[in-house]
file protein07.txt (compact mmCIF, C-alpha atoms)
# COMPACT_ATOMS: atom_id res chain seq x y z
CA MET Q 16 -319.81 56.84 -104.74
CA VAL Q 17 -318.78 60.38 -105.67
CA THR Q 18 -320.07 63.27 -103.59
CA LEU Q 19 -319.84 66.87 -104.69
CA LYS Q 20 -319.70 69.11 -101.63
CA LEU Q 21 -320.62 72.75 -102.00
CA CYS Q 22 -320.01 75.58 -99.59
CA PRO Q 23 -322.74 78.21 -99.10
CA SER Q 24 -320.22 80.91 -100.07
CA ASP Q 25 -319.79 79.23 -103.47
CA MET Q 26 -323.50 79.19 -104.32
CA GLN Q 27 -325.16 81.29 -106.99
CA GLY Q 28 -328.77 82.29 -106.72
CA ASN Q 29 -329.49 82.88 -110.39
CA ARG Q 30 -333.15 82.68 -111.24
CA ASN Q 31 -334.76 81.80 -114.50
CA SER Q 32 -336.09 85.24 -115.36
CA GLU Q 33 -337.05 84.43 -118.96
CA GLN Q 34 -339.58 81.81 -117.91
CA GLY Q 35 -340.62 83.52 -114.69
CA SER Q 36 -339.73 80.39 -112.76
CA ALA Q 37 -338.97 80.53 -109.07
CA ALA Q 38 -336.47 77.66 -109.33
CA ALA Q 39 -332.97 78.72 -108.40
CA ALA Q 40 -329.96 77.52 -110.36
CA PRO Q 41 -328.00 74.76 -108.64
CA ALA Q 42 -325.11 75.73 -106.40
CA ARG Q 43 -321.68 75.88 -107.98
CA ALA Q 44 -318.44 74.62 -106.51
CA PRO Q 45 -315.10 76.26 -107.26
CA ASN Q 46 -313.35 74.93 -110.37
CA ALA Q 47 -310.64 73.16 -108.33
CA ALA Q 48 -313.29 71.25 -106.35
CA VAL Q 49 -315.14 70.31 -109.54
CA GLU Q 50 -311.93 69.11 -111.19
CA HIS Q 51 -310.97 67.11 -108.10
CA VAL Q 52 -314.33 65.33 -107.82
CA LEU Q 53 -314.69 64.59 -111.53
CA SER Q 54 -311.09 63.44 -111.96
CA HIS Q 55 -311.57 60.77 -109.28
CA THR Q 56 -314.46 59.06 -111.02
CA GLU Q 57 -313.71 55.57 -112.29
CA SER Q 58 -316.52 54.91 -114.75
CA PRO Q 59 -318.79 56.77 -117.16
CA GLN Q 60 -321.67 56.26 -114.71
CA GLN Q 61 -319.76 57.80 -111.79
CA PHE Q 62 -318.63 60.72 -113.96
CA CYS Q 63 -322.13 61.43 -115.28
CA THR Q 64 -323.71 61.07 -111.83
CA ALA Q 65 -321.23 63.60 -110.42
CA LEU Q 66 -321.87 65.93 -113.36
CA ALA Q 67 -325.64 65.60 -112.82
CA LYS Q 68 -325.20 66.68 -109.19
CA LEU Q 69 -323.14 69.67 -110.30
CA PHE Q 70 -325.91 70.88 -112.60
CA GLY Q 71 -328.88 69.80 -110.48
CA VAL Q 72 -330.24 67.42 -113.14
CA ARG Q 73 -331.12 63.73 -113.12
CA PRO Q 74 -328.26 61.35 -114.03
CA THR Q 75 -330.19 60.33 -117.15
CA GLU Q 76 -330.09 63.98 -118.28
CA VAL Q 77 -326.34 63.64 -118.85
CA ALA Q 78 -324.91 61.89 -121.91
CA LEU Q 79 -321.32 60.86 -122.53
CA MET Q 80 -320.23 59.73 -125.99
CA ARG Q 81 -316.89 58.47 -127.31
CA LEU Q 82 -315.84 58.99 -130.94
CA GLU Q 83 -314.85 55.74 -132.64
CA ARG Q 84 -314.34 55.36 -136.40
CA GLY Q 85 -316.47 58.38 -137.27
CA LEU Q 86 -319.32 57.41 -134.92
CA LEU Q 87 -320.30 58.82 -131.55
CA SER Q 88 -321.11 55.84 -129.31
CA PHE Q 89 -322.87 56.29 -125.97
CA LEU Q 90 -320.95 55.38 -122.84
CA TYR Q 91 -323.80 56.72 -120.70
CA PRO Q 92 -326.78 56.50 -120.15
CA GLU Q 93 -326.59 52.73 -120.12
CA GLN Q 94 -329.84 52.28 -122.07
CA LEU Q 95 -328.44 54.24 -125.03
CA LYS Q 96 -325.36 52.02 -125.45
CA THR Q 97 -327.37 49.58 -127.55
CA ALA Q 98 -329.66 52.16 -129.18
CA GLY Q 99 -327.16 53.00 -131.90
CA SER Q 100 -324.43 55.47 -132.73
CA ILE Q 101 -324.41 58.95 -134.24
CA PRO Q 102 -322.36 59.53 -137.40
CA VAL Q 103 -320.25 62.67 -137.06
CA SER Q 104 -321.38 63.49 -140.59
CA SER Q 105 -325.03 63.73 -139.45
CA SER Q 106 -326.59 67.07 -140.29
CA SER Q 107 -329.42 66.68 -137.77
CA ALA Q 108 -327.65 65.56 -134.59
CA VAL Q 109 -326.45 68.26 -132.20
CA ALA Q 110 -323.74 65.93 -130.82
CA ALA Q 111 -322.37 65.46 -134.35
CA HIS Q 112 -322.35 69.24 -134.89
CA THR Q 113 -320.53 69.72 -131.59
CA ALA Q 114 -317.91 67.15 -132.58
CA SER Q 115 -317.40 68.48 -136.10
CA THR Q 116 -317.16 72.16 -135.10
CA LYS Q 117 -315.30 71.52 -131.81
CA LYS Q 118 -317.46 74.23 -130.21
CA THR Q 119 -319.69 74.23 -127.16
CA GLU Q 120 -323.37 74.93 -127.67
CA LEU Q 121 -326.20 76.06 -125.41
CA PHE Q 122 -329.92 75.89 -126.21
CA ASN Q 123 -332.53 77.07 -123.71
CA ALA Q 124 -335.33 76.51 -126.23
CA PHE Q 125 -334.11 73.18 -127.58
CA VAL Q 126 -337.53 71.98 -128.78
CA LYS Q 127 -337.40 74.77 -131.38
CA VAL Q 128 -334.04 73.51 -132.71
CA LYS Q 129 -334.17 71.08 -135.63
CA HIS Q 130 -332.53 67.93 -134.28
CA ALA Q 131 -332.57 64.15 -134.44
CA SER Q 132 -334.91 63.02 -131.68
CA ILE Q 133 -334.58 59.25 -132.04
CA PHE Q 134 -332.65 58.89 -128.77
CA GLU Q 135 -335.30 60.87 -126.88
CA THR Q 136 -337.74 58.01 -127.55
CA VAL Q 137 -335.61 55.49 -125.62
CA LYS Q 138 -337.00 54.94 -122.12
CA LEU Q 139 -334.36 55.80 -119.55
CA ASP Q 140 -335.10 54.20 -116.20
CA ASN Q 141 -334.06 56.25 -113.23
CA PRO Q 142 -334.95 54.53 -109.94
CA GLU Q 143 -334.16 57.71 -108.00
CA ASP Q 144 -336.83 59.66 -109.86
CA THR Q 145 -340.37 58.36 -109.76
CA GLU Q 146 -342.10 61.75 -109.83
CA ARG Q 147 -340.96 62.82 -113.30
CA SER Q 148 -341.61 59.72 -115.36
CA GLY Q 149 -343.07 59.74 -118.82
CA PRO Q 150 -342.00 60.88 -122.26
CA ASN Q 151 -340.34 64.14 -121.29
CA ALA Q 152 -338.74 65.97 -124.21
CA ILE Q 153 -335.37 67.68 -124.00
CA GLN Q 154 -336.24 71.32 -123.38
CA LYS Q 155 -332.76 72.75 -122.64
CA LEU Q 156 -329.38 71.41 -123.69
CA MET Q 157 -325.67 72.11 -123.41
CA SER Q 158 -323.17 70.23 -125.55
CA ALA Q 159 -319.37 70.27 -125.35
CA PRO Q 160 -316.66 68.52 -127.35
CA ILE Q 161 -314.13 66.40 -125.49
CA LEU Q 162 -310.72 67.19 -126.97
CA ASP Q 163 -307.23 65.80 -126.44
CA PRO Q 164 -304.24 68.17 -126.03
CA HIS Q 165 -303.85 68.31 -129.84
CA ARG Q 166 -307.55 69.30 -130.25
CA LYS Q 167 -308.47 65.90 -131.66
CA VAL Q 168 -312.09 65.04 -130.81
CA LEU Q 169 -312.41 62.16 -128.33
CA GLY Q 170 -316.15 62.49 -127.76
CA VAL Q 171 -319.00 64.73 -126.64
CA VAL Q 172 -320.62 65.40 -123.27
CA GLN Q 173 -324.13 66.80 -123.01
CA VAL Q 174 -326.32 67.98 -120.14
CA CYS Q 175 -330.02 68.58 -120.64
CA ARG Q 176 -333.18 69.44 -118.77
CA LYS Q 177 -336.25 67.45 -119.74
CA GLY Q 178 -339.87 68.30 -119.17
CA PHE Q 179 -343.29 68.25 -120.74
CA GLU Q 180 -342.80 71.94 -121.54
CA VAL Q 181 -340.00 74.48 -121.19
CA ALA Q 182 -341.55 76.05 -118.07
CA THR Q 183 -341.41 72.76 -116.15
CA ALA Q 184 -337.89 71.82 -117.20
CA GLY Q 185 -336.07 73.94 -114.63
CA PRO Q 186 -333.87 77.02 -114.88
CA ASP Q 187 -332.13 78.09 -118.07
CA PHE Q 188 -328.51 77.11 -118.52
CA THR Q 189 -326.10 80.06 -118.27
CA GLN Q 190 -322.72 80.93 -119.72
CA ASP Q 191 -321.23 79.96 -116.34
CA ASP Q 192 -322.86 76.54 -116.74
CA LEU Q 193 -321.33 76.22 -120.19
CA GLN Q 194 -317.89 77.05 -118.78
CA GLN Q 195 -318.38 74.38 -116.10
CA LEU Q 196 -319.28 71.87 -118.83
CA GLU Q 197 -316.14 72.83 -120.78
CA LEU Q 198 -314.12 72.18 -117.62
CA ALA Q 199 -315.82 68.80 -117.19
CA ALA Q 200 -315.00 67.93 -120.83
CA LYS Q 201 -311.36 68.78 -120.18
CA VAL Q 202 -311.29 66.57 -117.07
CA VAL Q 203 -312.96 63.58 -118.75
CA SER Q 204 -310.53 63.76 -121.69
CA ASN Q 205 -307.85 62.48 -119.30
CA LEU Q 206 -309.86 59.65 -117.75
CA PRO Q 207 -309.02 56.07 -118.80
CA PHE Q 208 -312.58 55.00 -119.61
CA LEU Q 209 -312.80 57.54 -122.43
CA LYS Q 210 -309.68 56.34 -124.21
call {"tool": "encode", "arguments": {"input": "protein07.txt", "output": "structure tokens"}}
result
Amino acid sequence: MVTLKLCPSDMQGNRNSEQGSAAAAPARAPNAAVEHVLSHTESPQQFCTALAKLFGVRPTEVALMRLERGLLSFLYPEQLKTAGSIPVSSSSAVAAHTASTKKTELFNAFVKVKHASIFETVKLDNPEDTERSGPNAIQKLMSAPILDPHRKVLGVVQVCRKGFEVATAGPDFTQDDLQQLELAAKVVSNLPFLK
């Protein structure tokens, strides 16, 4: 099991001012600590669980995809492995756009973004979370390409916040969060289970 330890001096107290929410952003560890924890994960599940802890989201709010023969295939969540793949040529999938442009993206009003929602309909069981069950939509999303040293796309990693409405989905993602996700994408590009 991977544990991400955070020191009080490393915490940020950002609040979601746009939505008027009192929920504080999750604490942040220094980059070296994040790299160390993530680089010692041995499976997509361990990596995504550690990333979920970093961002204060449920493990099923993290997706890891590997690019194979022009298709993005889910490595995590487990339930999406058999749900299908995303063609990189897709004009409606955010993950495909991330892979084709090789750019990170952040959406704090994701329900307003035209996107393929087929994977949102797949029920993702999370035994650790019985309070927030039901057909929650993705309200906020960050997406980052996973690149090798030659900038070849290996896959995509995404972190989202789900809820019945944007106000109940938690704090907005920030530019600092996006930088942390870029760092996580760099770390996972070197892990054996992605290759």
call {"tool": "closest_residue", "arguments": {"input": "protein07.txt", "among": "Q:Cys63, Q:Ser105, Q:Ala114, Q:His55", "to": "Arg166 of chain Q", "atoms": "only C-alpha atoms"}}
result
Q:Ala114
call {"tool": "atom_distance", "arguments": {"input": "protein07.txt", "atom1": "atom CA of Ser58 of chain Q", "atom2": "atom CA of Asn123 of chain Q"}}
result
28.8 Å
call {"tool": "closest_residue", "arguments": {"input": "protein07.txt", "among": "Q:Leu69, Q:Leu90, Q:Ala152, Q:Val202", "to": "Pro164 of chain Q", "atoms": "only C-alpha atoms"}}
result
Q:Val202
call {"tool": "residues_near_point", "arguments": {"input": "protein07.txt", "point": "(-325.6, 51.6, -137.5)", "cutoff": "12 Å", "atoms": "only C-alpha atoms", "output": "PDB file with C-alpha atoms, in the frame of the given file"}}
result
ATOM      1  CA  ARG Q  84    -314.340  55.360-136.400  1.00  0.00           C
ATOM      2  CA  GLY Q  85    -316.470  58.380-137.270  1.00  0.00           C
ATOM      3  CA  LEU Q  86    -319.320  57.410-134.920  1.00  0.00           C
ATOM      4  CA  LEU Q  87    -320.300  58.820-131.550  1.00  0.00           C
ATOM      5  CA  SER Q  88    -321.110  55.840-129.310  1.00  0.00           C
ATOM      6  CA  THR Q  97    -327.370  49.580-127.550  1.00  0.00           C
ATOM      7  CA  ALA Q  98    -329.660  52.160-129.180  1.00  0.00           C
ATOM      8  CA  GLY Q  99    -327.160  53.000-131.900  1.00  0.00           C
ATOM      9  CA  SER Q 100    -324.430  55.470-132.730  1.00  0.00           C
ATOM     10  CA  ILE Q 101    -324.410  58.950-134.240  1.00  0.00           C
ATOM     11  CA  PRO Q 102    -322.360  59.530-137.400  1.00  0.00           C
TER      12      PRO Q 102
END
call {"tool": "residues_around", "arguments": {"input": "protein07.txt", "residues": "Val203 of chain Q", "least_positions_apart": "5", "cutoff": "12 Å", "atoms": "only C-alpha atoms", "output": "PyMOL selection string"}}
result
chain Q and resi 49-59+61-63+65-66+79-81+159-163+169-172+196-198+208-210
